[in-house]
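Text of protein.json, listed as JSON, C-alpha atoms:
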[["chain", "number", "residue", "atom", "x", "y", "z"],
["T", 491, "MET", "CA", 2.76, 24.81, 2.21],
["T", 492, "GLN", "CA", 5.88, 23.13, 0.89],
["T", 493, "ALA", "CA", 6.90, 19.73, -0.50],
["T", 494, "GLN", "CA", 10.40, 18.34, 0.04],
["T", 495, "LYS", "CA", 11.49, 15.30, -1.98],
["T", 496, "ILE", "CA", 13.14, 12.53, 0.03],
["T", 497, "ALA", "CA", 14.38, 10.36, -2.88],
["T", 498, "GLY", "CA", 14.82, 10.50, -6.63],
["T", 499, "ALA", "CA", 12.19, 7.96, -7.64],
["T", 500, "LEU", "CA", 9.30, 8.88, -5.34],
["T", 501, "GLY", "CA", 8.36, 10.31, -1.97],
["T", 502, "ALA", "CA", 8.01, 13.81, -0.51],
["T", 503, "GLU", "CA", 7.40, 15.28, 2.93],
["T", 504, "LEU", "CA", 4.72, 17.99, 3.05],
["T", 505, "HIS", "CA", 5.16, 20.87, 5.46],
["T", 506, "GLY", "CA", 2.93, 23.72, 6.59],
["T", 507, "ILE", "CA", -0.24, 21.61, 6.87],
["T", 508, "ASP", "CA", -2.21, 20.92, 10.07],
["T", 509, "LEU", "CA", -4.45, 17.91, 9.52],
["T", 510, "THR", "CA", -6.27, 18.51, 12.81],
["T", 511, "GLN", "CA", -7.96, 21.44, 11.02],
["T", 512, "PRO", "CA", -10.69, 21.13, 8.35],
["T", 513, "ILE", "CA", -9.30, 20.23, 4.93],
["T", 514, "THR", "CA", -9.93, 23.30, 2.77],
["T", 515, "ASP", "CA", -10.13, 23.08, -1.00],
["T", 516, "GLU", "CA", -6.70, 24.70, -1.23],
["T", 517, "VAL", "CA", -5.13, 22.15, 1.15],
["T", 518, "PHE", "CA", -6.88, 19.27, -0.62],
["T", 519, "GLN", "CA", -5.60, 20.44, -4.00],
["T", 520, "PHE", "CA", -2.04, 20.74, -2.69],
["T", 521, "ILE", "CA", -2.14, 17.25, -1.14],
["T", 522, "HIS", "CA", -3.72, 15.72, -4.25],
["T", 523, "GLU", "CA", -1.24, 17.29, -6.67],
["T", 524, "ASN", "CA", 1.72, 16.13, -4.60],
["T", 525, "LEU", "CA", 0.30, 12.61, -4.23],
["T", 526, "LEU", "CA", 0.05, 12.34, -8.01],
["T", 527, "GLU", "CA", 3.51, 13.81, -8.57],
["T", 528, "HIS", "CA", 5.46, 12.02, -5.83],
["T", 529, "GLU", "CA", 3.29, 8.85, -5.51],
["T", 530, "VAL", "CA", 3.73, 8.75, -1.71],
["T", 531, "ILE", "CA", 3.64, 11.73, 0.65],
["T", 532, "PHE", "CA", 4.49, 12.09, 4.34],
["T", 533, "PHE", "CA", 3.52, 14.36, 7.20],
["T", 534, "HIS", "CA", 4.98, 14.73, 10.69],
["T", 535, "ASN", "CA", 3.47, 15.84, 14.02],
["T", 536, "GLN", "CA", -0.15, 15.15, 13.06],
["T", 537, "ASN", "CA", -1.97, 14.21, 16.29],
["T", 538, "ILE", "CA", -5.27, 13.57, 14.53],
["T", 539, "SER", "CA", -8.32, 11.81, 15.91],
["T", 540, "PRO", "CA", -10.03, 8.89, 14.16],
["T", 541, "ALA", "CA", -12.70, 11.31, 12.95],
["T", 542, "GLN", "CA", -10.06, 13.62, 11.46],
["T", 543, "HIS", "CA", -8.26, 10.66, 9.87],
["T", 544, "LYS", "CA", -11.57, 9.61, 8.31],
["T", 545, "ALA", "CA", -12.33, 13.16, 7.14],
["T", 546, "LEU", "CA", -8.98, 13.41, 5.33],
["T", 547, "ALA", "CA", -9.40, 10.09, 3.56],
["T", 548, "GLU", "CA", -13.02, 10.84, 2.60],
["T", 549, "ARG", "CA", -11.92, 13.86, 0.58],
["T", 550, "PHE", "CA", -10.34, 11.39, -1.86],
["T", 551, "GLY", "CA", -13.17, 8.89, -2.24],
["T", 552, "ILE", "CA", -15.30, 6.16, -0.73],
["T", 553, "LEU", "CA", -13.66, 4.33, 2.16],
["T", 554, "GLN", "CA", -13.10, 0.57, 2.23],
["T", 555, "THR", "CA", -13.02, -1.91, 5.08],
["T", 556, "HIS", "CA", -10.51, -4.75, 5.45],
["T", 557, "PRO", "CA", -11.73, -8.31, 6.04],
["T", 558, "ALA", "CA", -8.78, -9.50, 8.16],
["T", 559, "TYR", "CA", -7.88, -6.76, 10.68],
["T", 560, "PRO", "CA", -9.46, -5.39, 13.88],
["T", 561, "THR", "CA", -10.85, -1.85, 13.69],
["T", 562, "VAL", "CA", -11.19, 1.24, 15.87],
["T", 563, "GLU", "CA", -14.46, 1.25, 17.83],
["T", 564, "GLY", "CA", -17.03, 3.32, 15.97],
["T", 565, "PHE", "CA", -14.84, 3.50, 12.85],
["T", 566, "PRO", "CA", -15.12, 0.21, 10.92],
["T", 567, "MET", "CA", -13.07, 1.65, 8.05],
["T", 568, "LEU", "CA", -10.10, 2.34, 10.35],
["T", 569, "SER", "CA", -7.92, -0.77, 10.65],
["T", 570, "ILE", "CA", -5.58, -1.34, 13.59],
["T", 571, "LEU", "CA", -2.18, -2.70, 12.56],
["T", 572, "GLU", "CA", -0.16, -3.73, 15.58],
["T", 573, "SER", "CA", 2.85, -5.95, 15.94],
["T", 574, "THR", "CA", 4.73, -7.43, 18.89],
["T", 575, "ALA", "CA", 7.39, -10.09, 19.29],
["T", 576, "GLU", "CA", 4.68, -12.49, 20.51],
["T", 577, "ASN", "CA", 2.29, -11.60, 17.69],
["T", 578, "PRO", "CA", 4.40, -10.13, 14.86],
["T", 579, "SER", "CA", 2.96, -8.72, 11.68],
["T", 580, "LYS", "CA", 2.65, -11.39, 9.01],
["T", 581, "ILE", "CA", 2.91, -8.81, 6.23],
["T", 582, "GLU", "CA", 6.64, -8.65, 5.53],
["T", 583, "LYS", "CA", 6.62, -8.82, 1.73],
["T", 584, "TRP", "CA", 6.51, -6.07, -0.85],
["T", 585, "HIS", "CA", 2.93, -5.48, -1.98],
["T", 586, "HIS", "CA", 0.17, -3.26, -3.25],
["T", 587, "ASP", "CA", -2.74, -3.19, -0.79],
["T", 588, "MET", "CA", -5.69, -5.48, -1.37],
["T", 589, "THR", "CA", -5.14, -6.37, -5.03],
["T", 590, "PHE", "CA", -7.32, -9.41, -4.32],
["T", 591, "LYS", "CA", -10.31, -7.08, -4.86],
["T", 592, "PRO", "CA", -11.84, -6.32, -8.29],
["T", 593, "SER", "CA", -11.20, -2.62, -7.57],
["T", 594, "PRO", "CA", -8.11, -2.33, -5.33],
["T", 595, "PRO", "CA", -7.68, 0.82, -3.24],
["T", 596, "LEU", "CA", -6.82, 4.18, -4.74],
["T", 597, "GLY", "CA", -4.53, 4.63, -1.79],
["T", 598, "SER", "CA", -4.03, 4.20, 1.92],
["T", 599, "VAL", "CA", -3.55, 6.70, 4.75],
["T", 600, "LEU", "CA", -1.43, 5.27, 7.59],
["T", 601, "HIS", "CA", -1.09, 7.07, 10.94],
["T", 602, "ALA", "CA", 1.53, 6.20, 13.58],
["T", 603, "GLN", "CA", -0.04, 5.66, 17.01],
["T", 604, "GLN", "CA", 2.88, 4.12, 18.86],
["T", 605, "ILE", "CA", 6.31, 3.59, 17.38],
["T", 606, "PRO", "CA", 9.30, 1.59, 18.66],
["T", 607, "PRO", "CA", 12.45, 3.37, 19.86],
["T", 608, "TYR", "CA", 14.27, 2.18, 16.74],
["T", 609, "GLY", "CA", 13.44, 0.50, 13.44],
["T", 610, "GLY", "CA", 9.98, 0.02, 12.01],
["T", 611, "ASP", "CA", 10.60, 2.04, 8.84],
["T", 612, "THR", "CA", 8.46, 1.55, 5.73],
["T", 613, "LEU", "CA", 9.91, 1.14, 2.23],
["T", 614, "PHE", "CA", 8.09, 2.32, -0.89],
["T", 615, "ALA", "CA", 8.81, 1.58, -4.55],
["T", 616, "SER", "CA", 7.62, 3.40, -7.68],
["T", 617, "MET", "CA", 6.03, 1.04, -10.17],
["T", 618, "SER", "CA", 6.06, 3.75, -12.85],
["T", 619, "VAL", "CA", 9.84, 4.19, -12.57],
["T", 620, "ALA", "CA", 10.22, 0.40, -12.53],
["T", 621, "PHE", "CA", 8.17, 0.14, -15.73],
["T", 622, "GLU", "CA", 10.12, 2.90, -17.46],
["T", 623, "ALA", "CA", 13.39, 1.09, -16.68],
["T", 624, "LEU", "CA", 12.33, -1.95, -18.72],
["T", 625, "SER", "CA", 13.27, -2.36, -22.37],
["T", 626, "ASP", "CA", 10.68, -1.44, -25.00],
["T", 627, "LYS", "CA", 10.28, -5.09, -25.95],
["T", 628, "MET", "CA", 9.64, -6.16, -22.34],
["T", 629, "GLN", "CA", 7.17, -3.31, -21.86],
["T", 630, "GLN", "CA", 5.25, -4.42, -24.93],
["T", 631, "PHE", "CA", 5.30, -8.09, -23.89],
["T", 632, "LEU", "CA", 4.06, -7.41, -20.37],
["T", 633, "SER", "CA", 1.34, -5.05, -21.55],
["T", 634, "GLY", "CA", -0.54, -7.96, -23.10],
["T", 635, "LEU", "CA", -0.58, -10.13, -19.98],
["T", 636, "THR", "CA", -3.10, -10.70, -17.19],
["T", 637, "ALA", "CA", -2.34, -11.85, -13.63],
["T", 638, "ILE", "CA", -4.49, -13.65, -11.08],
["T", 639, "HIS", "CA", -4.60, -12.16, -7.56],
["T", 640, "ASP", "CA", -5.90, -14.20, -4.63],
["T", 641, "PHE", "CA", -6.86, -13.36, -1.03],
["T", 642, "ALA", "CA", -6.23, -16.96, 0.05],
["T", 643, "PHE", "CA", -2.74, -16.86, -1.45],
["T", 644, "GLY", "CA", -1.90, -13.64, 0.38],
["T", 645, "PHE", "CA", -3.23, -14.79, 3.75],
["T", 646, "LYS", "CA", -2.07, -18.40, 3.60],
["T", 647, "GLU", "CA", -0.10, -18.08, 6.86],
["T", 648, "SER", "CA", -3.15, -16.78, 8.71],
["T", 649, "LEU", "CA", -5.32, -19.47, 7.19],
["T", 650, "ALA", "CA", -2.87, -22.14, 8.36],
["T", 651, "GLU", "CA", -3.11, -21.01, 11.99],
["T", 652, "PRO", "CA", -5.41, -22.90, 14.38],
["T", 653, "GLY", "CA", -8.90, -21.56, 13.73],
["T", 654, "GLY", "CA", -7.70, -19.52, 10.75],
["T", 655, "GLN", "CA", -10.02, -21.14, 8.22],
["T", 656, "GLU", "CA", -13.05, -20.46, 10.40],
["T", 657, "ARG", "CA", -11.99, -16.91, 11.31],
["T", 658, "LEU", "CA", -11.47, -15.98, 7.65],
["T", 659, "LYS", "CA", -14.29, -18.10, 6.23],
["T", 660, "GLN", "CA", -16.44, -15.13, 5.22],
["T", 661, "ALA", "CA", -13.46, -13.24, 3.82],
["T", 662, "LEU", "CA", -12.64, -16.22, 1.60],
["T", 663, "LEU", "CA", -16.24, -16.35, 0.35],
["T", 664, "ASP", "CA", -16.29, -12.60, -0.28],
["T", 665, "ASN", "CA", -12.94, -12.51, -2.07],
["T", 666, "PRO", "CA", -12.57, -15.12, -4.81],
["T", 667, "PRO", "CA", -9.56, -14.81, -7.15],
["T", 668, "VAL", "CA", -9.61, -11.82, -9.53],
["T", 669, "GLU", "CA", -7.77, -10.85, -12.71],
["T", 670, "HIS", "CA", -5.80, -7.64, -13.28],
["T", 671, "PRO", "CA", -3.51, -6.48, -16.10],
["T", 672, "VAL", "CA", 0.18, -6.95, -15.38],
["T", 673, "ILE", "CA", 0.72, -3.36, -16.55],
["T", 674, "ARG", "CA", -1.93, -0.86, -15.52],
["T", 675, "THR", "CA", -2.44, 2.75, -16.60],
["T", 676, "HIS", "CA", -2.93, 5.32, -13.86],
["T", 677, "PRO", "CA", -6.45, 6.74, -14.36],
["T", 678, "VAL", "CA", -5.39, 10.35, -13.61],
["T", 679, "THR", "CA", -1.77, 10.79, -14.68],
["T", 680, "GLY", "CA", -1.74, 8.23, -17.50],
["T", 681, "LYS", "CA", 1.55, 6.80, -16.21],
["T", 682, "LYS", "CA", 2.01, 3.09, -16.76],
["T", 683, "GLY", "CA", 3.10, 0.93, -13.85],
["T", 684, "ILE", "CA", 3.83, -2.70, -13.03],
["T", 685, "PHE", "CA", 0.86, -4.16, -11.14],
["T", 686, "VAL", "CA", 1.92, -7.53, -9.72],
["T", 687, "ASN", "CA", 3.15, -8.19, -6.20],
["T", 688, "CYS", "CA", 4.56, -11.22, -4.43],
["T", 689, "LEU", "CA", 1.96, -11.12, -1.63],
["T", 690, "PHE", "CA", -1.27, -11.40, -3.63],
["T", 691, "THR", "CA", -0.32, -12.29, -7.23],
["T", 692, "LYS", "CA", -0.68, -16.04, -7.65],
["T", 693, "GLU", "CA", 0.14, -16.55, -11.32],
["T", 694, "ILE", "CA", 0.17, -15.15, -14.86],
["T", 695, "LYS", "CA", -2.95, -16.25, -16.72],
["T", 696, "GLY", "CA", -2.35, -18.61, -19.64],
["T", 697, "MET", "CA", 1.25, -19.46, -18.75],
["T", 698, "LYS", "CA", 2.70, -22.74, -17.62],
["T", 699, "PRO", "CA", 3.59, -22.71, -13.90],
["T", 700, "ALA", "CA", 7.35, -22.61, -14.53],
["T", 701, "GLU", "CA", 6.96, -19.74, -17.02],
["T", 702, "SER", "CA", 4.71, -17.79, -14.67],
["T", 703, "TYR", "CA", 7.01, -18.28, -11.70],
["T", 704, "ALA", "CA", 10.09, -17.21, -13.66],
["T", 705, "LEU", "CA", 8.46, -14.07, -15.04],
["T", 706, "LEU", "CA", 6.94, -13.02, -11.73],
["T", 707, "ASP", "CA", 10.20, -13.66, -9.91],
["T", 708, "PHE", "CA", 12.01, -11.43, -12.39],
["T", 709, "LEU", "CA", 9.44, -8.64, -11.94],
["T", 710, "TYR", "CA", 9.49, -8.86, -8.14],
["T", 711, "GLU", "CA", 13.27, -8.46, -8.09],
["T", 712, "HIS", "CA", 13.23, -5.75, -10.74],
["T", 713, "CYS", "CA", 10.60, -3.63, -8.96],
["T", 714, "ILE", "CA", 12.50, -3.24, -5.70],
["T", 715, "GLN", "CA", 15.86, -2.04, -6.97],
["T", 716, "PRO", "CA", 17.13, 0.66, -4.57],
["T", 717, "GLU", "CA", 17.00, 3.31, -7.31],
["T", 718, "PHE", "CA", 13.22, 2.83, -7.52],
["T", 719, "THR", "CA", 12.57, 3.17, -3.78],
["T", 720, "CYS", "CA", 12.44, 5.49, -0.80],
["T", 721, "ARG", "CA", 12.51, 4.77, 2.94],
["T", 722, "PHE", "CA", 10.40, 6.56, 5.55],
["T", 723, "HIS", "CA", 11.40, 6.79, 9.20],
["T", 724, "TRP", "CA", 8.34, 7.14, 11.40],
["T", 725, "GLN", "CA", 7.96, 9.54, 14.29],
["T", 726, "GLN", "CA", 5.09, 9.68, 16.77],
["T", 727, "TYR", "CA", 1.98, 10.86, 14.87],
["T", 728, "SER", "CA", 3.64, 10.75, 11.46],
["T", 729, "LEU", "CA", 1.28, 10.03, 8.58],
["T", 730, "ALA", "CA", 1.92, 8.46, 5.17],
["T", 731, "PHE", "CA", -0.43, 8.60, 2.19],
["T", 732, "TRP", "CA", 0.51, 6.42, -0.78],
["T", 733, "ASP", "CA", -1.00, 6.01, -4.23],
["T", 734, "ASN", "CA", -1.68, 2.28, -4.25],
["T", 735, "ARG", "CA", -2.24, 2.30, -8.02],
["T", 736, "ILE", "CA", 1.40, 3.08, -8.78],
["T", 737, "THR", "CA", 3.46, 2.05, -5.71],
["T", 738, "GLN", "CA", 4.34, -0.96, -3.60],
["T", 739, "HIS", "CA", 5.44, -0.86, 0.02],
["T", 740, "LYS", "CA", 7.06, -3.05, 2.66],
["T", 741, "PRO", "CA", 7.27, -2.68, 6.45],
["T", 742, "VAL", "CA", 10.63, -3.36, 8.05],
["T", 743, "ASN", "CA", 10.01, -5.51, 11.13],
["T", 744, "ASP", "CA", 13.34, -4.92, 12.87],
["T", 745, "TYR", "CA", 12.22, -3.51, 16.22],
["T", 746, "PHE", "CA", 11.29, -6.50, 18.40],
["T", 747, "PRO", "CA", 10.78, -6.94, 21.32],
["T", 748, "HIS", "CA", 9.26, -3.46, 21.08],
["T", 749, "TYR", "CA", 5.66, -2.66, 20.14],
["T", 750, "ARG", "CA", 4.39, -0.85, 17.03],
["T", 751, "CYS", "CA", 0.81, 0.28, 16.43],
["T", 752, "MET", "CA", -0.58, 2.04, 13.37],
["T", 753, "GLN", "CA", -4.06, 2.93, 12.11],
["T", 754, "ARG", "CA", -4.90, 2.76, 8.41],
["T", 755, "ILE", "CA", -7.74, 3.76, 6.13],
["T", 756, "THR", "CA", -7.92, 2.60, 2.51],
["T", 757, "ILE", "CA", -9.76, 4.54, -0.18],
["T", 758, "GLU", "CA", -11.74, 2.73, -2.84],
["T", 759, "GLY", "CA", -10.19, 2.75, -6.29],
["T", 760, "ASP", "CA", -11.29, 1.69, -9.76],
["T", 761, "ARG", "CA", -10.83, -1.45, -11.79],
["T", 762, "PRO", "CA", -7.27, -1.54, -13.18],
["T", 763, "LEU", "CA", -6.97, -0.98, -16.90]]
Go ahead and render the structure in this file as structure tokens.
Amino acid sequence: MQAQKIAGALGAELHGIDLTQPITDEVFQFIHENLLEHEVIFFHNQNISPAQHKALAERFGILQTHPAYPTVEGFPMLSILESTAENPSKIEKWHHDMTFKPSPPLGSVLHAQQIPPYGGDTLFASMSVAFEALSDKMQQFLSGLTAIHDFAFGFKESLAEPGGQERLKQALLDNPPVEHPVIRTHPVTGKKGIFVNCLFTKEIKGMKPAESYALLDFLYEHCIQPEFTCRFHWQQYSLAFWDNRITQHKPVNDYFPHYRCMQRITIEGDRPL
């Protein structure tokens, strides 16, 4: 088994692993260590079944469901993410997954089912490297702040669609706004990372709207500097596993009129501290 870095800030491709086989303790340890070190890891040529996808993710924790996406029959934890020119993905912004929850995911495992002939890459950014690049005074200032994350804010386009309010009624009831620290500490590595994102973070608690907007806008731009990022080019049956506690990601929707279909499982995390 080998790991090959793909960028300076984060990201590595793992080789010599067949995820269609049972995940031994040795394989699990290798995957886990590289996830913690590189923050996002990638595999190619992994023609896994939904059951095998689920088995991999379950080695890392309890599996979550998503309130807004269709799922694979018989696997309610396995979301289907598909995008066409007629029905494009509405998630185009940089984000951590599901920070509207009190305990956002530990990570997500995304498997390519059908990819377009070009485009459709995914960008990832290291929030630990972004934090380390800030001045000491800014690090100290941010470490005392709390942000409000909101499902309704993140899915406002879907809610505005005809029937959107009714379709997402239960999701809105189940996911009221939550508070998270602007800077969180990774529960395993101890690394500190910026934990706000332009998709789900609505405001900084206790700040005037103009102050909150200005600070968040600065952080959003800071976090996605090219030096903090990597870019993954999907192949058929590629798989990506990212540590949601310390990274953000963004799909690049540049492949229309072609079709893209992925399947994703998210793993339950802990309350950010």
Exercise for the section: Tell me which protein, DNA and RNA residues are within 9 Å of segment 595-599 of chain T, counting only C-alpha atoms, leaving out same-chain ones fewer than 2 positions away, and put them as a list in words. Expected result: His543, Leu546, Ala547, Phe550, Gly551, Leu553, Gln554, His586, Asp587, Met588, Thr589, Lys591, Ser593, His601, Leu729, Ala730, Phe731, Trp732, Asp733, Asn734, Arg735, Gln753, Arg754, Ile755, Thr756, Ile757, Glu758, Gly759 and Asp760 of chain T
Practice task
Between T:Cys720, T:Leu763, T:Val686, T:Leu635, single out the one closest to Ser616 of chain T, counting only C-alpha atoms.
Solution key: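 Looking only at the distances to Ser616 of chain T, the closest residue turns out to be T:Cys720.
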Fill in the blank from the handout: Between atom CA of His585 of chain T and atom CA of Asn743 of chain T lies a distance of 14.9 Å
Fill in the blank from the handout: note - atom CA of Leu689 of chain T and atom CA of Ser648 of chain T are separated by 12.8 Å
Compile a residue-level contact table for segment 547-625 of chain T against segment 661-682 of chain T at a cut-off of 9 Å, reporting for every qualifying residue the shortest atom pair and its distance in Å to one decimal, with all atoms listed in the file counted, rows ordered by chain and ascending number, as JSON lines.
{"residue": "T:Pro557", "atom": "CA", "partner": "T:Ala661", "partner_atom": "CA", "distance": 5.7}
{"residue": "T:Ala558", "atom": "CA", "partner": "T:Ala661", "partner_atom": "CA", "distance": 7.4}
{"residue": "T:Thr589", "atom": "CA", "partner": "T:Val668", "partner_atom": "CA", "distance": 8.4}
{"residue": "T:Phe590", "atom": "CA", "partner": "T:Val668", "partner_atom": "CA", "distance": 6.2}
{"residue": "T:Lys591", "atom": "CA", "partner": "T:Asn665", "partner_atom": "CA", "distance": 6.6}
{"residue": "T:Pro592", "atom": "CA", "partner": "T:Val668", "partner_atom": "CA", "distance": 6.1}
{"residue": "T:Met617", "atom": "CA", "partner": "T:Lys682", "partner_atom": "CA", "distance": 8.0}
{"residue": "T:Ser618", "atom": "CA", "partner": "T:Lys682", "partner_atom": "CA", "distance": 5.7}
{"residue": "T:Val619", "atom": "CA", "partner": "T:Lys682", "partner_atom": "CA", "distance": 8.9}
{"residue": "T:Phe621", "atom": "CA", "partner": "T:Lys682", "partner_atom": "CA", "distance": 6.9}
{"residue": "T:Glu622", "atom": "CA", "partner": "T:Lys682", "partner_atom": "CA", "distance": 8.1}
Completion exercise
Closest of T:Ala615, T:Ile605, T:Val742, T:Val517 to Gly683 of chain T, counting all atoms listed in the file, is T:Ala615
